[in-house]
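Structure file structure-v7.cif (mmCIF, C-alpha atoms) follows.
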data_entry
loop_
_atom_site.label_atom_id
_atom_site.label_comp_id
_atom_site.auth_asym_id
_atom_site.auth_seq_id
_atom_site.Cartn_x
_atom_site.Cartn_y
_atom_site.Cartn_z
CA MET A 128 -7.57 -193.61 -190.63
CA GLU A 129 -9.74 -195.77 -188.43
CA ASN A 130 -7.07 -198.41 -188.36
CA ILE A 131 -4.52 -195.92 -187.11
CA ILE A 132 -6.81 -194.61 -184.36
CA GLU A 133 -7.75 -198.10 -183.22
CA SER A 134 -4.18 -199.24 -183.07
CA GLY A 135 -3.09 -196.10 -181.21
CA SER A 136 -5.93 -195.84 -178.72
CA GLN A 137 -6.14 -199.48 -177.65
CA PRO A 138 -2.90 -201.35 -177.07
CA SER A 139 -2.78 -204.93 -178.02
CA LYS A 140 -3.43 -207.66 -175.50
CA SER A 141 -0.02 -209.14 -175.98
CA SER A 142 1.70 -205.93 -175.01
CA ILE A 143 -0.38 -205.65 -171.84
CA ASP A 144 0.37 -209.20 -170.83
CA GLY A 145 4.04 -208.63 -171.58
CA SER A 146 4.28 -205.62 -169.31
CA THR A 147 2.45 -207.43 -166.53
CA VAL A 148 4.87 -210.32 -166.67
CA VAL A 149 7.86 -207.97 -166.56
CA GLU A 150 6.45 -206.11 -163.56
CA GLY A 151 5.72 -209.41 -161.77
CA GLN A 152 9.24 -210.63 -162.33
CA THR A 153 10.59 -207.33 -161.04
CA VAL A 154 8.49 -207.54 -157.85
CA ASP A 155 9.55 -211.17 -157.27
CA THR A 156 13.17 -210.20 -157.74
CA ASN A 157 12.83 -207.40 -155.20
CA ASN A 158 11.09 -209.69 -152.71
CA GLN A 159 13.80 -212.28 -153.08
CA GLN A 160 16.42 -209.62 -152.41
CA ASN A 161 14.62 -208.41 -149.25
CA VAL A 162 14.04 -211.93 -147.76
CA GLN A 163 17.08 -213.12 -145.77
CA PRO A 164 17.87 -216.82 -145.71
CA THR A 165 16.88 -218.49 -142.37
CA THR A 166 19.49 -220.49 -140.45
CA ALA A 167 18.63 -224.15 -139.66
CA VAL A 168 18.03 -224.74 -135.87
CA PRO A 169 19.57 -228.02 -134.69
CA GLU A 170 17.15 -230.39 -133.02
CA LYS A 171 17.72 -231.02 -129.30
CA LYS A 172 18.51 -234.57 -128.41
CA ARG A 173 15.93 -235.99 -126.06
CA LYS A 174 17.33 -237.52 -122.90
CA ILE A 175 16.88 -241.26 -122.88
CA VAL A 176 14.79 -242.22 -119.83
CA GLU A 177 14.75 -245.82 -118.74
CA SER A 178 11.33 -247.38 -118.49
CA ARG A 179 10.04 -247.57 -114.94
CA SER A 180 7.01 -249.71 -115.56
CA PRO A 181 7.01 -253.02 -113.62
CA VAL A 182 5.67 -254.87 -116.67
CA TRP A 183 9.19 -255.01 -118.10
CA ASP A 184 10.07 -257.60 -115.46
CA HIS A 185 7.91 -259.97 -117.50
CA TYR A 186 8.68 -258.84 -121.07
CA GLU A 187 11.64 -258.70 -123.43
CA LYS A 188 12.10 -255.42 -125.28
CA ILE A 189 12.16 -255.39 -129.11
CA LYS A 190 13.72 -252.19 -130.50
CA ASP A 191 13.90 -250.68 -133.97
CA SER A 192 16.99 -249.45 -135.81
CA ALA A 193 16.93 -246.17 -133.86
CA GLY A 194 16.97 -247.98 -130.51
CA VAL A 195 13.34 -247.15 -129.65
CA THR A 196 11.26 -249.88 -127.99
CA ILE A 197 8.33 -250.70 -130.25
CA LYS A 198 7.28 -254.18 -129.14
CA GLY A 199 7.34 -256.38 -126.06
CA LYS A 200 7.77 -260.16 -126.02
CA CYS A 201 6.32 -262.13 -123.09
CA ILE A 202 9.06 -264.19 -121.44
CA TYR A 203 6.54 -266.88 -120.46
CA CYS A 204 4.48 -267.54 -123.62
CA ALA A 205 6.56 -265.60 -126.25
CA LYS A 206 3.59 -263.51 -127.43
CA ILE A 207 4.48 -260.12 -128.96
CA TYR A 208 2.51 -256.89 -128.35
CA GLN A 209 2.88 -253.35 -129.66
CA CYS A 210 4.09 -250.93 -127.01
CA GLN A 211 5.17 -247.67 -128.65
CA SER A 212 4.98 -244.94 -126.04
CA LYS A 213 2.98 -242.45 -128.15
CA LYS A 214 0.63 -244.92 -129.88
CA HIS A 215 0.03 -247.92 -127.66
CA GLY A 216 1.65 -247.62 -124.22
CA THR A 217 1.99 -250.56 -121.84
CA THR A 218 -1.72 -251.20 -121.22
CA SER A 219 -1.84 -254.26 -123.47
CA LEU A 220 1.31 -255.60 -121.86
CA ARG A 221 -0.17 -255.19 -118.40
CA ASN A 222 -3.43 -256.89 -119.34
CA HIS A 223 -1.62 -259.86 -120.83
CA MET A 224 0.69 -260.09 -117.82
CA LEU A 225 -2.32 -260.56 -115.52
CA SER A 226 -4.03 -263.10 -117.77
CA CYS A 227 -1.07 -265.09 -119.10
CA LEU A 228 -1.59 -268.75 -118.29
CA LYS A 229 2.13 -269.44 -118.04
CA ASN A 230 2.88 -266.53 -115.71
CA PRO A 231 3.46 -268.03 -112.23
CA HIS A 232 2.99 -264.62 -110.57
CA SER A 233 -0.35 -263.74 -112.14
CA LYS A 234 -3.26 -262.92 -109.84
CA ASP A 235 -5.73 -264.29 -112.36
CA THR A 236 -3.93 -267.54 -113.07
CA ARG A 237 -6.62 -269.95 -114.12
CA GLN A 238 -4.67 -273.04 -113.15
CA SER A 239 -3.80 -273.33 -109.44
CA LEU A 240 -0.19 -273.83 -108.41
CA LEU A 241 0.51 -277.00 -106.45
CA THR A 242 2.75 -276.97 -103.40
CA PHE A 243 4.23 -279.86 -101.42
CA GLN A 244 4.53 -279.33 -97.68
CA ALA A 245 6.98 -281.85 -96.28
CA ILE A 246 6.34 -283.31 -92.82
CA THR A 247 9.29 -284.75 -90.93
CA ASN A 248 8.76 -288.23 -89.56
CA SER A 249 9.52 -288.89 -85.91
CA ASP A 250 10.84 -292.33 -86.87
CA ALA A 251 14.43 -292.93 -87.88
CA SER A 252 13.38 -293.85 -91.42
CA PRO A 253 14.65 -291.34 -94.02
CA ALA A 254 11.36 -291.37 -95.94
CA THR A 255 9.50 -288.04 -95.90
CA VAL A 256 5.79 -287.56 -96.20
CA GLY A 257 3.82 -284.43 -96.94
CA GLU A 258 0.63 -282.87 -98.15
CA LEU A 259 -0.28 -281.37 -101.50
CA GLY A 260 -1.88 -277.96 -101.48
CA THR A 261 -2.54 -274.94 -103.67
CA TRP A 262 -0.65 -271.66 -103.57
CA VAL A 263 -1.99 -268.20 -104.36
CA PHE A 264 0.05 -265.03 -104.09
CA ASN A 265 -0.96 -263.01 -101.04
CA GLN A 266 1.05 -259.94 -100.08
CA GLU A 267 -0.25 -259.79 -96.50
CA ALA A 268 0.24 -263.51 -95.85
CA ILE A 269 3.86 -263.41 -97.02
CA ARG A 270 4.46 -260.27 -94.96
CA MET A 271 3.10 -261.90 -91.80
CA ALA A 272 5.24 -264.99 -92.48
CA LEU A 273 8.28 -262.72 -92.77
CA VAL A 274 7.44 -261.08 -89.43
CA GLU A 275 7.06 -264.48 -87.75
CA MET A 276 10.42 -265.59 -89.17
CA ILE A 277 12.11 -262.51 -87.68
CA ILE A 278 10.48 -263.22 -84.29
CA ILE A 279 11.24 -266.95 -84.20
CA ASP A 280 14.83 -266.69 -85.48
CA GLU A 281 15.48 -263.50 -83.44
CA LEU A 282 16.71 -261.60 -86.48
CA PRO A 283 17.37 -257.83 -86.48
CA PHE A 284 14.75 -255.59 -88.07
CA ARG A 285 17.28 -254.35 -90.65
CA PHE A 286 17.47 -257.89 -92.03
CA VAL A 287 14.74 -256.97 -94.55
CA GLU A 288 16.96 -254.21 -95.96
CA SER A 289 20.02 -256.39 -96.53
CA PRO A 290 21.09 -256.87 -100.19
CA GLY A 291 21.18 -260.65 -99.91
CA PHE A 292 17.58 -260.92 -98.71
CA ARG A 293 16.35 -258.50 -101.37
CA LYS A 294 18.09 -260.49 -104.09
CA PHE A 295 16.55 -263.70 -102.78
CA ILE A 296 13.04 -262.22 -102.82
CA LEU A 297 13.61 -260.83 -106.33
CA VAL A 298 14.31 -264.37 -107.55
CA ALA A 299 11.81 -266.28 -105.38
CA CYS A 300 8.82 -263.92 -105.54
CA PRO A 301 9.35 -260.72 -107.59
CA ARG A 302 5.82 -259.46 -106.90
CA PHE A 303 6.36 -259.28 -103.15
CA LYS A 304 6.96 -255.72 -101.94
CA ILE A 305 9.56 -255.88 -99.19
CA PRO A 306 8.54 -253.76 -96.18
CA SER A 307 10.98 -251.48 -94.38
CA ARG A 308 12.37 -252.20 -90.93
CA TRP A 309 10.03 -249.57 -89.46
CA THR A 310 7.04 -251.41 -90.92
CA ILE A 311 8.39 -254.69 -89.52
CA SER A 312 8.70 -253.16 -86.04
CA ARG A 313 5.10 -251.91 -86.18
CA ASP A 314 3.86 -255.34 -87.33
CA ILE A 315 5.71 -257.06 -84.48
CA ASN A 316 4.22 -254.62 -81.99
CA LEU A 317 0.72 -255.35 -83.34
CA ILE A 318 1.30 -259.11 -83.02
CA TYR A 319 2.55 -258.56 -79.46
CA GLU A 320 -0.61 -256.65 -78.51
CA GLU A 321 -2.85 -259.26 -80.14
CA GLU A 322 -1.12 -262.09 -78.28
CA ILE A 323 -1.51 -260.21 -74.99
CA LEU A 324 -5.27 -259.86 -75.55
CA LYS A 325 -5.60 -263.55 -76.44
CA LEU A 326 -3.66 -264.65 -73.36
CA LYS A 327 -5.69 -262.38 -71.08
CA CYS A 328 -8.89 -263.91 -72.47
CA VAL A 329 -7.49 -267.36 -71.67
CA PHE A 330 -6.67 -266.43 -68.07
CA ARG A 331 -9.96 -264.65 -67.46
CA GLY A 332 -12.19 -267.15 -69.25
CA ASN A 333 -10.82 -270.41 -67.85
CA THR A 334 -11.11 -271.59 -64.27
CA GLN A 335 -7.97 -273.74 -64.05
CA ARG A 336 -5.36 -272.85 -61.47
CA VAL A 337 -2.03 -271.31 -62.40
CA SER A 338 1.39 -271.93 -60.87
CA ILE A 339 3.68 -268.90 -60.77
CA THR A 340 7.48 -268.79 -60.87
CA THR A 341 9.35 -265.55 -60.34
CA ASN A 342 12.95 -264.45 -60.00
CA THR A 343 14.91 -261.22 -59.58
CA TRP A 344 18.46 -260.25 -60.48
CA THR A 345 20.71 -257.24 -61.02
CA SER A 346 22.20 -256.37 -64.42
CA ILE A 347 25.70 -255.08 -65.14
CA GLN A 348 24.25 -251.56 -65.18
CA ARG A 349 23.09 -252.09 -61.55
CA ILE A 350 19.42 -252.20 -62.54
CA ASN A 351 17.11 -254.62 -60.69
CA TYR A 352 14.79 -256.74 -62.84
CA MET A 353 11.97 -259.14 -62.12
CA VAL A 354 10.31 -261.75 -64.34
CA VAL A 355 6.98 -263.52 -63.77
CA THR A 356 6.14 -266.79 -65.56
CA PRO A 357 2.81 -268.64 -65.13
CA HIS A 358 2.49 -272.37 -65.85
CA PHE A 359 -0.93 -273.84 -66.68
CA ILE A 360 -2.63 -276.72 -68.49
CA ASP A 361 -4.90 -275.76 -71.38
CA GLU A 362 -8.08 -277.44 -72.63
CA GLU A 363 -6.04 -279.92 -74.68
CA TRP A 364 -4.12 -281.04 -71.57
CA LYS A 365 -0.88 -279.45 -72.70
CA LEU A 366 1.45 -277.72 -70.28
CA ASN A 367 2.03 -274.08 -71.21
CA LYS A 368 4.62 -271.59 -69.98
CA LYS A 369 4.24 -267.87 -70.74
CA ILE A 370 6.32 -264.89 -69.65
CA ILE A 371 3.79 -262.20 -68.72
CA SER A 372 6.02 -259.65 -66.98
CA PHE A 373 9.60 -258.46 -67.33
CA VAL A 374 9.94 -255.18 -65.47
CA PRO A 375 12.49 -253.26 -63.39
CA ILE A 376 11.93 -253.10 -59.62
CA THR A 377 13.18 -250.68 -57.02
CA SER A 378 14.92 -253.28 -54.82
CA HIS A 379 15.10 -256.98 -53.90
CA LYS A 380 13.19 -256.48 -50.67
CA GLY A 381 10.13 -258.59 -49.99
CA GLU A 382 7.69 -255.68 -50.01
CA ALA A 383 8.82 -254.49 -53.44
CA VAL A 384 8.66 -258.02 -54.90
CA ALA A 385 5.18 -258.60 -53.47
CA LYS A 386 3.75 -255.33 -54.82
CA VAL A 387 5.08 -255.92 -58.34
CA LEU A 388 3.76 -259.49 -58.35
CA GLU A 389 0.33 -258.38 -57.06
CA THR A 390 0.08 -255.68 -59.76
CA CYS A 391 0.96 -258.24 -62.43
CA LEU A 392 -1.69 -260.72 -61.27
CA LEU A 393 -4.41 -258.05 -61.16
CA ASP A 394 -3.47 -256.74 -64.61
CA TRP A 395 -3.70 -260.18 -66.20
CA GLY A 396 -6.81 -261.22 -64.27
CA ILE A 397 -5.10 -264.16 -62.56
CA ARG A 398 -6.71 -265.01 -59.22
CA ASN A 399 -6.71 -268.80 -59.10
CA VAL A 400 -3.08 -269.22 -58.04
CA TYR A 401 -2.06 -272.73 -57.06
CA SER A 402 1.55 -272.13 -56.00
CA ILE A 403 4.35 -269.55 -56.24
CA THR A 404 7.87 -270.90 -56.75
CA VAL A 405 10.81 -268.77 -55.57
CA ASP A 406 14.35 -269.40 -54.38
CA ASN A 407 15.43 -269.62 -50.73
CA ALA A 408 16.24 -265.93 -50.20
CA SER A 409 14.84 -264.52 -46.96
CA SER A 410 13.20 -261.62 -48.81
CA ASN A 411 11.02 -264.09 -50.70
CA ASP A 412 9.57 -265.39 -47.42
CA THR A 413 8.30 -261.87 -46.72
CA ALA A 414 6.89 -261.53 -50.24
CA ILE A 415 5.03 -264.85 -50.11
CA GLY A 416 3.58 -263.99 -46.69
CA PHE A 417 2.15 -260.75 -48.12
CA LEU A 418 0.71 -262.51 -51.19
CA LYS A 419 -0.81 -265.27 -49.08
CA LYS A 420 -2.93 -262.69 -47.27
CA LYS A 421 -4.01 -261.16 -50.57
CA LEU A 422 -5.08 -264.52 -52.03
CA MET A 423 -7.05 -265.34 -48.92
CA SER A 424 -8.84 -261.97 -49.15
CA TRP A 425 -9.65 -262.75 -52.80
CA GLY A 426 -11.13 -266.09 -51.70
CA THR A 427 -9.16 -268.10 -54.24
CA SER A 428 -6.56 -269.83 -52.05
CA THR A 429 -6.59 -273.57 -51.36
CA VAL A 430 -6.07 -275.08 -47.90
CA LYS A 431 -5.73 -271.52 -46.59
CA GLY A 432 -2.55 -271.01 -48.62
CA LYS A 433 -0.63 -273.65 -46.67
CA TYR A 434 1.21 -275.04 -49.70
CA ILE A 435 1.40 -271.90 -51.81
CA HIS A 436 5.10 -271.32 -51.10
CA MET A 437 7.22 -273.67 -53.25
CA ARG A 438 11.00 -273.49 -52.95
CA CYS A 439 12.97 -273.74 -56.20
CA ILE A 440 14.33 -277.28 -56.64
CA ALA A 441 17.17 -276.02 -58.83
CA HIS A 442 18.32 -273.69 -56.06
CA ILE A 443 18.11 -276.48 -53.48
CA LEU A 444 20.00 -278.83 -55.79
CA ASN A 445 22.69 -276.22 -56.28
CA LEU A 446 23.15 -275.88 -52.52
CA VAL A 447 23.41 -279.67 -52.14
CA VAL A 448 26.02 -280.04 -54.87
CA GLN A 449 28.03 -277.04 -53.64
CA ASP A 450 28.29 -278.74 -50.21
CA GLY A 451 29.48 -281.92 -51.94
CA LEU A 452 32.08 -280.04 -53.95
CA LYS A 453 33.62 -278.76 -50.71
CA GLN A 454 34.87 -282.30 -50.02
CA CYS A 455 37.06 -282.13 -53.15
CA ASP A 456 37.58 -278.40 -53.16
CA SER A 457 41.38 -278.52 -53.33
CA SER A 458 41.39 -280.97 -56.28
CA VAL A 459 38.82 -278.90 -58.16
CA LYS A 460 40.90 -275.75 -57.65
CA ARG A 461 44.06 -277.44 -59.02
CA VAL A 462 42.28 -278.60 -62.18
CA ARG A 463 40.68 -275.17 -62.60
CA GLU A 464 44.11 -273.47 -62.46
CA ALA A 465 45.55 -275.98 -64.96
CA VAL A 466 42.72 -275.35 -67.40
CA ARG A 467 43.08 -271.58 -66.96
CA TYR A 468 46.80 -271.84 -67.72
CA VAL A 469 46.21 -273.71 -71.01
CA ARG A 470 43.43 -271.36 -72.15
CA SER A 471 45.33 -268.18 -71.26
CA SER A 472 47.09 -267.85 -74.68
CA PRO A 473 46.74 -269.28 -78.22
CA VAL A 474 50.35 -270.55 -78.14
CA ARG A 475 49.73 -272.66 -75.05
CA LEU A 476 46.47 -273.96 -76.45
CA LYS A 477 48.17 -274.97 -79.70
CA LYS A 478 50.94 -276.74 -77.80
CA PHE A 479 48.32 -278.56 -75.72
CA ARG A 480 46.58 -279.79 -78.88
CA ASN A 481 49.86 -281.02 -80.33
CA LEU A 482 50.48 -283.00 -77.15
CA ALA A 483 46.98 -284.44 -77.39
CA GLU A 484 47.69 -285.68 -80.93
CA TRP A 485 51.04 -287.09 -79.83
CA ASN A 486 49.27 -289.03 -77.03
CA GLY A 487 46.68 -290.35 -79.50
CA ILE A 488 43.71 -288.47 -77.99
CA GLU A 489 41.32 -287.46 -80.74
CA GLN A 490 38.48 -285.76 -78.93
CA LYS A 491 36.39 -283.03 -80.49
CA SER A 492 35.51 -281.56 -77.09
CA SER A 493 37.79 -278.77 -75.90
CA LEU A 494 38.70 -277.53 -72.45
CA CYS A 495 36.16 -275.22 -70.83
CA LEU A 496 36.50 -273.03 -67.77
CA ASP A 497 33.75 -273.11 -65.18
CA VAL A 498 31.82 -270.50 -63.22
CA PRO A 499 32.41 -271.39 -59.55
CA THR A 500 28.86 -270.43 -58.52
CA ARG A 501 27.29 -272.82 -61.07
CA TRP A 502 27.91 -276.47 -60.29
CA ASN A 503 26.82 -277.70 -63.72
CA SER A 504 29.60 -275.67 -65.37
CA THR A 505 32.07 -277.20 -62.89
CA TYR A 506 30.85 -280.64 -63.92
CA LEU A 507 31.43 -279.86 -67.61
CA MET A 508 34.91 -278.54 -66.87
CA LEU A 509 35.92 -281.65 -64.92
CA GLN A 510 34.38 -283.98 -67.50
CA SER A 511 36.41 -282.45 -70.35
CA ALA A 512 39.62 -282.20 -68.27
CA ILE A 513 39.60 -285.87 -67.24
CA ILE A 514 39.74 -286.89 -70.90
CA TYR A 515 43.06 -285.03 -71.25
CA GLU A 516 44.65 -286.36 -68.04
CA LYS A 517 47.67 -287.81 -69.88
CA VAL A 518 48.07 -284.59 -71.84
CA PHE A 519 48.35 -282.59 -68.62
CA GLU A 520 51.01 -285.04 -67.39
CA SER A 521 52.96 -284.60 -70.65
CA LEU A 522 52.59 -280.83 -70.34
CA GLU A 523 54.12 -280.99 -66.86
CA GLU A 524 57.17 -282.82 -68.22
CA SER A 525 57.68 -280.71 -71.38
CA ASP A 526 56.71 -277.19 -70.25
CA THR A 527 58.79 -275.68 -67.45
CA ALA A 528 56.57 -272.59 -67.29
CA TYR A 529 53.60 -274.82 -66.44
CA LYS A 530 55.17 -275.97 -63.16
CA ALA A 531 56.62 -272.55 -62.44
CA ASP A 532 53.26 -270.76 -62.76
CA LEU A 533 51.20 -273.32 -60.87
CA SER A 534 53.94 -274.26 -58.33
CA ASP A 535 52.11 -276.47 -55.81
CA ALA A 536 48.77 -276.31 -57.68
CA VAL A 537 49.67 -278.92 -60.32
CA PRO A 538 47.04 -281.71 -60.31
CA THR A 539 48.40 -285.00 -58.95
CA PHE A 540 47.39 -288.60 -59.56
CA LEU A 541 45.22 -288.62 -56.41
CA ASP A 542 43.44 -285.47 -57.57
CA TRP A 543 42.48 -287.09 -60.87
CA GLU A 544 41.22 -290.25 -59.15
CA SER A 545 39.03 -288.35 -56.68
CA LEU A 546 37.63 -286.16 -59.44
CA LYS A 547 36.69 -289.18 -61.54
CA SER A 548 34.53 -290.43 -58.67
CA LEU A 549 33.06 -286.95 -58.21
CA VAL A 550 32.10 -286.69 -61.91
CA GLU A 551 30.22 -290.00 -61.72
CA ILE A 552 28.21 -288.68 -58.78
CA LEU A 553 27.49 -285.32 -60.43
CA LYS A 554 26.34 -287.11 -63.55
CA CYS A 555 23.28 -288.33 -61.63
CA PHE A 556 22.23 -284.74 -60.90
CA MET A 557 22.52 -283.73 -64.55
CA ILE A 558 19.79 -286.13 -65.68
#

Show this structure as structure tokens.
Amino acid sequence: MENIIESGSQPSKSSIDGSTVVEGQTVDTNNQQNVQPTTAVPEKKRKIVESRSPVWDHYEKIKDSAGVTIKGKCIYCAKIYQCQSKKHGTTSLRNHMLSCLKNPHSKDTRQSLLTFQAITNSDASPATVGELGTWVFNQEAIRMALVEMIIIDELPFRFVESPGFRKFILVACPRFKIPSRWTISRDINLIYEEEILKLKCVFRGNTQRVSITTNTWTSIQRINYMVVTPHFIDEEWKLNKKIISFVPITSHKGEAVAKVLETCLLDWGIRNVYSITVDNASSNDTAIGFLKKKLMSWGTSTVKGKYIHMRCIAHILNLVVQDGLKQCDSSVKRVREAVRYVRSSPVRLKKFRNLAEWNGIEQKSSLCLDVPTRWNSTYLMLQSAIIYEKVFESLEESDTAYKADLSDAVPTFLDWESLKSLVEILKCFMI
């Protein structure tokens, strides 16, 4: 009886465990039925961005199988450094770049770089001499040298932005940052202002006398200009010539010239004027008379300004030669018309050269046309034309249009003989 009650009132442990397992399986089955399978989200491909760090100009990239850069190899000493973007970065590469002994562009290069500055000998011997020096990269020094090159060679400011120059700098000195043309213009303006201050200190600090030359002219746009140039000897006994004024003026009258010149002298602090050289225009006589009174009031004139007015020797020489050319004016005009005829078209010029070769004249100089108001250009024209005297005679025989166009203006034998004597005389004035 007890056994029956015990077995009926208390279920066995195995039956309890069995029911629990069945219920658990049922719950899991229900949960699995309620949970919906999740769809796989495709990973977005990351856009490949090229490295912008300047250190890669000095390193070779080492990539893994996936194409990711993991190491960098120095192109100078072949050392390899880790450079993964998320773990290492480019700090170690940058530090090595600045301390690499074989890097010629390193700021901290322990061994100085030697340079050889060649000096050209004045003698005819081809041997060159020079000096050994050390070179250290300096951004400002190279920039100032670039500015001076543009000034000396008269290059345009946009020269620094040309592809050829940028490629040259990339090969010669990759570390140099090329300035823009606006920066170059500002640097040139700063140099201009500094040079003005230095020159003013020279004029105001020294007591030597200064000789002034000035001239005026009118441009194609009908604008009047005036330039002032002082000549002086410095402390090293070297003759210097500096342009201190280049300004427009209202007219070529003597009063206007005198006022502009007086303003220029006061601005630059020039009072010890020895002489003023101008051409023989009558307006310059008025200007010099006005300036003579000013210099005497300043108390800086010598011999009461008696010899302050110097007439331009070049202008006087031009007047002398122009009077001499009048004696052979007709011969000069004939040669000028013959030269103009040959130079008027490429066909005529080619035919003239063929005749020169046929006559055995092998001269590199070509015919040039003169400016009648400049005697030196007339001399050069006659000098080159006399060499081709036989060619002009052959042209007269072979080209009917030559005689037809010039008619009575064809140079004759007497014209060539008189011009040969004239060229010998003019040659003395060219020295």

- Query: Which of these, A:Tyr401, A:Tyr319, A:Phe417, A:Tyr529, has the shortest distance to A:Glu382 once you count only C-alpha atoms?
  - Reply: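 Residue with the minimum atom-to-atom distance to A:Glu382: A:Phe417.
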
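Put simply, atom CA of A:Tyr186 is 4.5 Å away from atom CA of A:Cys201.
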
- Message: So the first atom is atom CA of A:Cys300 and the second is atom CA of A:His185; what is the distance between them in Å, to one decimal place?
- Response: 12.6 Å

Can you give me, as a short mmCIF file (atom, residue, chain, number, x, y, z; two decimals) with C-alpha atoms, keeping the file's coordinate frame, the residues this file yields under the PyMOL selection byres ((chain A and resi 439) around 9)?
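Full text of expr_28.cif as output:
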data_model
loop_
_atom_site.label_atom_id
_atom_site.label_comp_id
_atom_site.auth_asym_id
_atom_site.auth_seq_id
_atom_site.Cartn_x
_atom_site.Cartn_y
_atom_site.Cartn_z
CA THR A 340 7.48 -268.79 -60.87
CA THR A 404 7.87 -270.90 -56.75
CA VAL A 405 10.81 -268.77 -55.57
CA ASP A 406 14.35 -269.40 -54.38
CA ASN A 407 15.43 -269.62 -50.73
CA MET A 437 7.22 -273.67 -53.25
CA ARG A 438 11.00 -273.49 -52.95
CA ILE A 440 14.33 -277.28 -56.64
CA ALA A 441 17.17 -276.02 -58.83
CA HIS A 442 18.32 -273.69 -56.06
CA ILE A 443 18.11 -276.48 -53.48
CA LEU A 444 20.00 -278.83 -55.79
#

- Task: May I have the protein, DNA and RNA residues with any atom at most 6 Å from the point (0.6, -280.2, -104.5), counting only C-alpha atoms, written as a PyMOL selection string?
- Result: chain A and resi 241-243+259-260

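Atom CA of A:Ala383 lies 20.4 Å from atom CA of A:Ser338.
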
- Task: Could you check which of A:Glu288, A:Asp361, A:Asp314, A:Glu258 is closest to A:Val274, using all atoms listed in the file?
- Result: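 Ranked by minimum distance to A:Val274, first place goes to A:Asp314.
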
- Task: Name all residues at most 9 Å from A:Leu553 (count all atoms listed in the file; drop same-chain ones fewer than 5 positions away) and give them as a list in words.
- Result: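 The residues satisfying every condition are Val448, Trp502, Asn503, Tyr506 and Ser548 of chain A.
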
Output the residue selection produced by the PyMOL selection byres ((chain A and resi 379) around 9) on the file above, formatted as a compact mmCIF listing (two decimals) with C-alpha atoms, in the frame of the given file.
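The resulting file, out30.txt, is reproduced below:
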# COMPACT_ATOMS: atom_id res chain seq x y z
CA THR A 343 14.91 -261.22 -59.58
CA TRP A 344 18.46 -260.25 -60.48
CA ASN A 351 17.11 -254.62 -60.69
CA TYR A 352 14.79 -256.74 -62.84
CA ILE A 376 11.93 -253.10 -59.62
CA THR A 377 13.18 -250.68 -57.02
CA SER A 378 14.92 -253.28 -54.82
CA LYS A 380 13.19 -256.48 -50.67
CA GLY A 381 10.13 -258.59 -49.99
CA GLU A 382 7.69 -255.68 -50.01
CA ALA A 383 8.82 -254.49 -53.44
CA VAL A 384 8.66 -258.02 -54.90
CA SER A 410 13.20 -261.62 -48.81
CA ASN A 411 11.02 -264.09 -50.70

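Between A:Phe556 and the residues A:Lys530, A:Cys495, A:Tyr515, A:Gly451, the shortest atom-to-atom distance, using only C-alpha atoms, involves A:Gly451.
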
- Between A:Leu326, A:Met508, A:Ala536, A:Val263, which one has atoms that come closest to A:Glu464, using all atoms listed in the file?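 Result for the nearest residue to A:Glu464: A:Ala536.
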
- Note on the structure: A:Val466 proximity check over A:Leu509, A:Ile277, A:Ala299, A:Ala528, using all atoms listed in the file: winner is A:Leu509

- List the residues selected by the PyMOL selection byres ((chain A and resi 331-333) around 10) in the file shown, writing them as a PyMOL selection string. chain A and resi 326-330+334-336+361-362+395-399

Distance query A:Thr218 at most 12 Å, only C-alpha atoms, self and fewer than 5 positions along chain excluded, as a compact mmCIF listing (two decimals) with C-alpha atoms, in the frame of the given file:
# COMPACT_ATOMS: atom_id res chain seq x y z
CA SER A 180 7.01 -249.71 -115.56
CA PRO A 181 7.01 -253.02 -113.62
CA VAL A 182 5.67 -254.87 -116.67
CA TRP A 183 9.19 -255.01 -118.10
CA GLY A 199 7.34 -256.38 -126.06
CA TYR A 208 2.51 -256.89 -128.35
CA GLN A 209 2.88 -253.35 -129.66
CA CYS A 210 4.09 -250.93 -127.01
CA GLN A 211 5.17 -247.67 -128.65
CA SER A 212 4.98 -244.94 -126.04
CA HIS A 223 -1.62 -259.86 -120.83
CA MET A 224 0.69 -260.09 -117.82
CA LEU A 225 -2.32 -260.56 -115.52

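The closest residue to A:Leu541, picked from A:Pro499, A:Val518, A:Ser458, A:Ile370 and counting all atoms listed in the file, is A:Ser458.
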
Please provide as a tab-separated table (two decimals) with C-alpha atoms, in the frame of the given file all residues within 8 Å of A:Phe284, with the sequence filter that same-chain residues fewer than 3 positions apart are discarded (counting only C-alpha atoms).
chain	number	residue	atom	x	y	z
A	277	ILE	CA	12.11	-262.51	-87.68
A	287	VAL	CA	14.74	-256.97	-94.55
A	308	ARG	CA	12.37	-252.20	-90.93
A	309	TRP	CA	10.03	-249.57	-89.46
A	311	ILE	CA	8.39	-254.69	-89.52
A	312	SER	CA	8.70	-253.16	-86.04

- Extract, using only C-alpha atoms, all DNA, RNA and protein residues at most 12 Å from A:Val537, discarding same-chain residues fewer than 3 positions from it, and format them as a PyMOL selection string. chain A and resi 457-468+516+519-520+522-524+528-534+540-543

- Tell me, as JSON, numbers by chain, which residues lie within 12 Å of A:Ala268, counting only C-alpha atoms; anything in the same chain fewer than 6 positions away does not count. {"A": [262, 274, 275, 303, 304]}
